[in-house]
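**Student:** The structure that follows is given in the form of C-alpha cells.
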Amino acid sequence: MDILTIEEVQLESYVTRIMLDVGVPAHLKGYHYLRDAIMLSSRDMEAVSSVTKLLYPTIAKHFRTTDQKVERAVRNAIEVSWQRGNSATFEELFGYSNEHGRHRPTNSEYIARIADKVRLDVKAL
C-alpha cells in the first residue's frame, strides 16, 4: 500500500496518535503545524531536506501565518514534548531520550524520524 492511497483522515489520525504518544500537547499552535509537517513529509521525504524553503512556507500559507512563526511554534512544541513526553517512546523512535541528558532532536530530525516511521508503518499494512 502506498502512502498516497491511504485516506487523509486515517493518516491524520495515525500521526495524531504518535504525536500524543510523544507528548506534544494539543493546545499548542505548534501541534497543528507539526502534524501538517509530518503528514507532508511522510508523503514526500524531500520536504524534510528543505524545511526552511519548502516545508515551513507551505504550512505558513495553509495557516495564514509566517514561516518564522511556524518554525518557532514547532520548536516550542518539540521542546515541550521532549521535556514532558514518554521517554520510552523517544527511546524507540530516536534511540535516546531526555533521561540520558541528551539535547532534543532538531526540528528537521524530529519531523524526519516520525515521518519515516509513518511511511514504514503504512507500507507494512
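So you can find residues: chains in the C-alpha cells are A, B, ... in the order shown, residues in each start at 1, and ligands are numbered from 1 in order.
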Identify, with DSSP run on backbone atoms, the residues in chain A assigned to helix (DSSP H, G or I), and express the list as a PyMOL selection string.

**Tutor:** chain A and resi 8-21+29-43+46-49+51-63+67-84+87-94+98-100+107-123

**Student:** Using only C-alpha atoms, which protein or nucleic acid residues come within 9 Å of A:Val24? Drop anything in the same chain fewer than 3 positions from it, and give the result as a PyMOL selection string.

**Tutor:** chain A and resi 19-21+27-28+30-31+77-82+84-85

**Student:** Go ahead and compute the interatomic distance for atom CA of A:Met39 and atom CA of A:Ser97, in Å to one decimal.

**Tutor:**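 About the pair atom CA of A:Met39 and atom CA of A:Ser97: they are 23.2 Å apart.
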
**Student:** Pick the closest to A:Lys69 from A:Tyr14, A:Tyr110, A:Phe94, A:Tyr56: which is it, counting only C-alpha atoms?

**Tutor:**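 Counting only C-alpha atoms, the residue closest to A:Lys69 is A:Tyr56.
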
**Student:** From the list A:Ala115, A:Gln83, A:Leu120, A:Gly101, which residue is nearest A:Asp36 when using only C-alpha atoms?

**Tutor:**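 So, comparing all the options, the nearest one is A:Ala115.
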
**Student:** Which one is closest to A:Ala88: A:Lys53, A:Tyr33, A:Gly23, A:Val70? Count only C-alpha atoms.

**Tutor:** A:Gly23
